[in-house]
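Report on the following structure.
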Amino acid sequence: MEEIINSLNGLIWSNALILLCLGAGIYFSFVTKFVQVRYFGDMVKLLFKGKSSEQGVSSFQAFALALSGRIGTGNIAGVATAIAMGGPGSVFWMWAIAFLGSASAYIEATLGQIYKEVKDGQYRGGPAFYIEKGLGIKWYASLFAVVTILSMAVLLPGVQSNSIALSMKSAFQVPVEVTGGVVIVFLAMIIFGGVKRIGKVAEFVVPFMALGYILLAQIIMILNYEKIPEVISLIVTSAFNLEAAYSGVFGLAISWGIKRGIYSNEAGQGTAPHAAAAAEVSHPAKQGLVQAFSVYIDTLFVCTATAFMILFTGQYNVVNPEGGFIVENIPGVSIGPEFTQMAISTHFPSIGAGFVAFALMFFAFTTIMAYYYIAETNLSFLQKSGTRKWSVYLLRFLILGATFYGSSRTAELAWTLGDIGVGLMAWLNVIAILLLRKPALKALKDYQAQKKAGKDPVYDYKDI
């Protein structure tokens, strides 16, 4: 079974998907005239504008909900895995896909806003909605919805719970089953409270956890300020095969950097449009810009913080694709959050493992919350006449079961299943947003025109 799963993962994550994601990011960057740079100031300002309504959440709550999905295991264990499998150069390719992917994030989030609708008394939207309404291809929309429910409720929760369980076991010797049980109890308390409760929890927890983690990383960077040029040079040279020691993993640096970058920031994957559609905003481009900014927060801040902590302290191994290790600084340590735990412990021996364990718990837990919301939205899409209560309860118990099961599985299997889920969604969504780019570009043009006229942009949805 594991051989079948690995073969399927290799097929989905072929060079074709990597080129598709990179190509889409480059294309959207140019056709929007690098919206991710030109409107950086607007991205920050729009975060705190707008209020929630009976149907929708505030712009900041939607940002926090999307960021809770983006910031997760990928920011700690995922970065460590990228460095282990592709060397330090993989960090550069994570940066590249984040910068380019933020343009893709603008497109998909804006489409989520344009084609949202009110279902079950609240705004619902996402790729399935804009594929059906914008492209008029019902089977394609239904396929995305089914794949997303499978990914969010079955394949991906295990990655998050597995990392929580392993980090808690490493830091405090807590049995993985106990950690899994505690996680699903708290998860049940939140998801049974509905979307509003998920949004409120994300609004409070996400900024707290991200700022705390980045603050500790900044302290370690200050303590190692003299190494910053050396680390940046190592990342760049090994990214372009100029560092002889890492020549054997040059292709893997690109592959793992982009794979883990997409897994972490989710740009183009099709998850963030669900949260974007839930926002109460006057113009779809506003939420598109907010979601583009969330990619920066995820990768350029949180992932970079993890990478620098690991590379500053030398607490990493790099696997040789031909067997053995290219770099083995910490013998006997497996790929995962241990790299980050040991990096922090180098400077803060008494709190390193525990801090990462708790950070990972918050990061991964809020990600599972976001997974549930996305799965429920796609369930709502499939049930046109209104979401049936029994199916919602079934979905809740399914994601709770997958979360508990994943906590005790091997990390390698959990990550492979997660990659399959991410890859399937990315294939379907990136093709869709390339085909459906015109409404999002039209919204950006309208936003620009109204801003130039000195107005607070308001969109006429009748145009669509």
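Labels for the structure tokens follow display order: chains A, B, ..., residues from 1 in each chain, ligands from 1.
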
inquiry  = Need to verify the contact set: Ile258 of chain A, 7 Å, only C-alpha atoms, exclusion of same-chain residues closer than 6 positions in sequence. Can you return it as number ranges by chain?
reply    = A: 18, 93-94, 97

Save out the residues we just selected, N, CA and C atoms, as a PDB file, in the first residue's frame.
```pdb
ATOM      1  N   ILE A  18       4.988  21.428 -10.762  1.00  0.00           N
ATOM      2  CA  ILE A  18       5.914  22.471 -10.324  1.00  0.00           C
ATOM      3  C   ILE A  18       5.982  23.587 -11.361  1.00  0.00           C
ATOM      4  N   TRP A  93      13.821  28.790  -2.998  1.00  0.00           N
ATOM      5  CA  TRP A  93      12.698  28.461  -3.872  1.00  0.00           C
ATOM      6  C   TRP A  93      11.369  28.570  -3.134  1.00  0.00           C
ATOM      7  N   MET A  94      11.404  28.443  -1.816  1.00  0.00           N
ATOM      8  CA  MET A  94      10.212  28.747  -1.020  1.00  0.00           C
ATOM      9  C   MET A  94       9.900  30.237  -1.103  1.00  0.00           C
ATOM     10  N   ILE A  97       8.445  30.996  -4.720  1.00  0.00           N
ATOM     11  CA  ILE A  97       7.043  30.601  -4.943  1.00  0.00           C
ATOM     12  C   ILE A  97       6.103  31.440  -4.085  1.00  0.00           C
TER      13      ILE A  97
END
```

Counting only C-alpha atoms, which residues of segment 243-356 of chain A fall within 12 Å of segment 214-224 of chain A, and what is the closest atom pair for each with its distance in Å at one decimal, ordered by chain and rising number, as CSV?
```
residue,atom,partner,partner_atom,distance
A:Ile297,CA,A:Ile214,CA,10.2
A:Asp298,CA,A:Ile214,CA,10.7
A:Thr299,CA,A:Ile214,CA,11.6
A:Leu300,CA,A:Ile214,CA,10.9
A:Phe301,CA,A:Ile214,CA,7.2
A:Val302,CA,A:Ile214,CA,6.3
A:Cys303,CA,A:Ile214,CA,9.4
A:Thr304,CA,A:Ala217,CA,9.2
A:Ala305,CA,A:Ala217,CA,5.4
A:Thr306,CA,A:Ala217,CA,7.2
A:Ala307,CA,A:Ala217,CA,9.6
A:Phe308,CA,A:Met221,CA,7.4
A:Met309,CA,A:Ala217,CA,6.5
A:Ile310,CA,A:Ala217,CA,10.1
A:Leu311,CA,A:Asn224,CA,10.5
A:Phe312,CA,A:Asn224,CA,6.8
A:Thr313,CA,A:Asn224,CA,8.7
A:Gly314,CA,A:Asn224,CA,11.9
A:Thr340,CA,A:Ala217,CA,10.6
A:Ala343,CA,A:Ile220,CA,9.4
A:Ile344,CA,A:Ile220,CA,7.9
A:Ser345,CA,A:Ile220,CA,10.6
A:Thr346,CA,A:Ile220,CA,9.7
A:His347,CA,A:Ile220,CA,7.4
A:Phe348,CA,A:Ile220,CA,9.4
A:Ile351,CA,A:Leu216,CA,11.1
A:Gly352,CA,A:Leu216,CA,10.3
A:Phe355,CA,A:Leu216,CA,9.6
A:Val356,CA,A:Leu216,CA,10.5
```

Go ahead and save the residues from that selection, with C-alpha atoms, as a PDB file, in the first residue's frame.
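Result saved to result.pdb:
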```
ATOM      1  CA  ILE A 297       3.300  36.524   6.418  1.00  0.00           C
ATOM      2  CA  ASP A 298       3.381  32.766   6.064  1.00  0.00           C
ATOM      3  CA  THR A 299       6.532  32.260   4.016  1.00  0.00           C
ATOM      4  CA  LEU A 300       8.628  35.428   4.090  1.00  0.00           C
ATOM      5  CA  PHE A 301       8.177  35.827   7.856  1.00  0.00           C
ATOM      6  CA  VAL A 302       7.328  32.538   9.598  1.00  0.00           C
ATOM      7  CA  CYS A 303       9.049  30.048   7.258  1.00  0.00           C
ATOM      8  CA  THR A 304      12.105  32.282   6.966  1.00  0.00           C
ATOM      9  CA  ALA A 305      12.258  32.548  10.753  1.00  0.00           C
ATOM     10  CA  THR A 306      12.365  28.753  11.014  1.00  0.00           C
ATOM     11  CA  ALA A 307      14.957  28.389   8.248  1.00  0.00           C
ATOM     12  CA  PHE A 308      17.290  30.989   9.719  1.00  0.00           C
ATOM     13  CA  MET A 309      17.100  29.461  13.201  1.00  0.00           C
ATOM     14  CA  ILE A 310      18.036  26.060  11.781  1.00  0.00           C
ATOM     15  CA  LEU A 311      20.826  27.326   9.514  1.00  0.00           C
ATOM     16  CA  PHE A 312      22.302  29.737  12.094  1.00  0.00           C
ATOM     17  CA  THR A 313      22.790  26.933  14.575  1.00  0.00           C
ATOM     18  CA  GLY A 314      23.709  24.186  12.102  1.00  0.00           C
ATOM     19  CA  THR A 340      13.721  23.436  14.964  1.00  0.00           C
ATOM     20  CA  ALA A 343      18.011  24.970  16.934  1.00  0.00           C
ATOM     21  CA  ILE A 344      16.113  26.893  19.636  1.00  0.00           C
ATOM     22  CA  SER A 345      17.615  24.719  22.370  1.00  0.00           C
ATOM     23  CA  THR A 346      21.086  25.808  21.228  1.00  0.00           C
ATOM     24  CA  HIS A 347      20.357  29.274  22.630  1.00  0.00           C
ATOM     25  CA  PHE A 348      17.578  28.481  25.094  1.00  0.00           C
ATOM     26  CA  ILE A 351      12.661  26.052  26.646  1.00  0.00           C
ATOM     27  CA  GLY A 352      13.658  25.000  23.118  1.00  0.00           C
ATOM     28  CA  PHE A 355       8.429  26.146  22.959  1.00  0.00           C
ATOM     29  CA  VAL A 356       8.395  24.441  19.555  1.00  0.00           C
TER      30      VAL A 356
END
```

At a cut-off of 10 Å, using only C-alpha atoms, what residues contact Thr237 of chain A? Leave out same-chain residues fewer than 6 positions from it and give the result as a ChimeraX atom specification. /A:88-89,92,231,243-244,246

One residue among A:Ala103, A:Ala145, A:Ile399, A:Met152 is nearest to Val35 of chain A when using only C-alpha atoms, and that residue is A:Ala103

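Distances to Gly406 of chain A were evaluated for A:Ser68, A:Ser163, A:Ser247, A:Gln291 using only C-alpha atoms, and the minimum falls at A:Ser163.
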
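Residue nearest Ala440 of chain A within the list A:Thr410, A:Thr32, A:Gln55, A:Thr416: A:Thr32 [criterion: smallest interatomic distance, only C-alpha atoms].
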
Requested in this report: List the neighbours of Ser380 of chain A out to 10 Å using only C-alpha atoms; skip same-chain residues closer than 6 positions along the sequence, and give me the result as a PyMOL selection string.
Outcome: chain A and resi 119-120+124-125+145+374+386-388+391-392

Assign secondary structure with DSSP using the backbone only, and return the residues of segment 90-321 of chain A in strand (DSSP E) as an MDAnalysis selection string.
chainID A and resid 117:119 122:124 317:319

Open item on the list: Excluding Ile190 of chain A and its own-chain neighbours fewer than 2 positions away, which residues fall within 12 Å of it when counting only C-alpha atoms? Please give them as JSON, numbers by chain.
Closed with: {"A": [183, 184, 185, 186, 187, 188, 192, 193, 194, 195, 196, 197, 198, 199, 200, 201, 202, 365, 366, 368, 369, 370, 372, 373, 396, 400]}

Please provide the set of residues having any atom within 8 Å of Val422 of chain A, restricted to only C-alpha atoms, with same-chain residues fewer than 6 positions apart removed, written as a PyMOL selection string. chain A and resi 151+263+269

- Task: Would you list, as an NGL selection string, the residues of segment 243-445 of chain A that end up in helix (DSSP H, G or I) under DSSP run on this structure's backbone?
- Result: :A and (244-265 or 272-277 or 284-313 or 338-347 or 352-382 or 389-407 or 411-435 or 437-445)

Using only C-alpha atoms, the shortest atom-to-atom distance to Glu266 of chain A among A:Met425, A:Leu435, A:Ile228, A:Ile131 belongs to A:Met425

message: With only C-alpha atoms as the counted atoms, please give the residues lying no more than 6 Å from Gly288 of chain A, apart from itself and same-chain residues fewer than 6 positions off, as a count of residues only.
response: 3

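Considering only C-alpha atoms, the residue among A:Ser102, A:Gly421, A:Pro229, A:Ile149 positioned nearest to Leu394 of chain A is A:Ile149.
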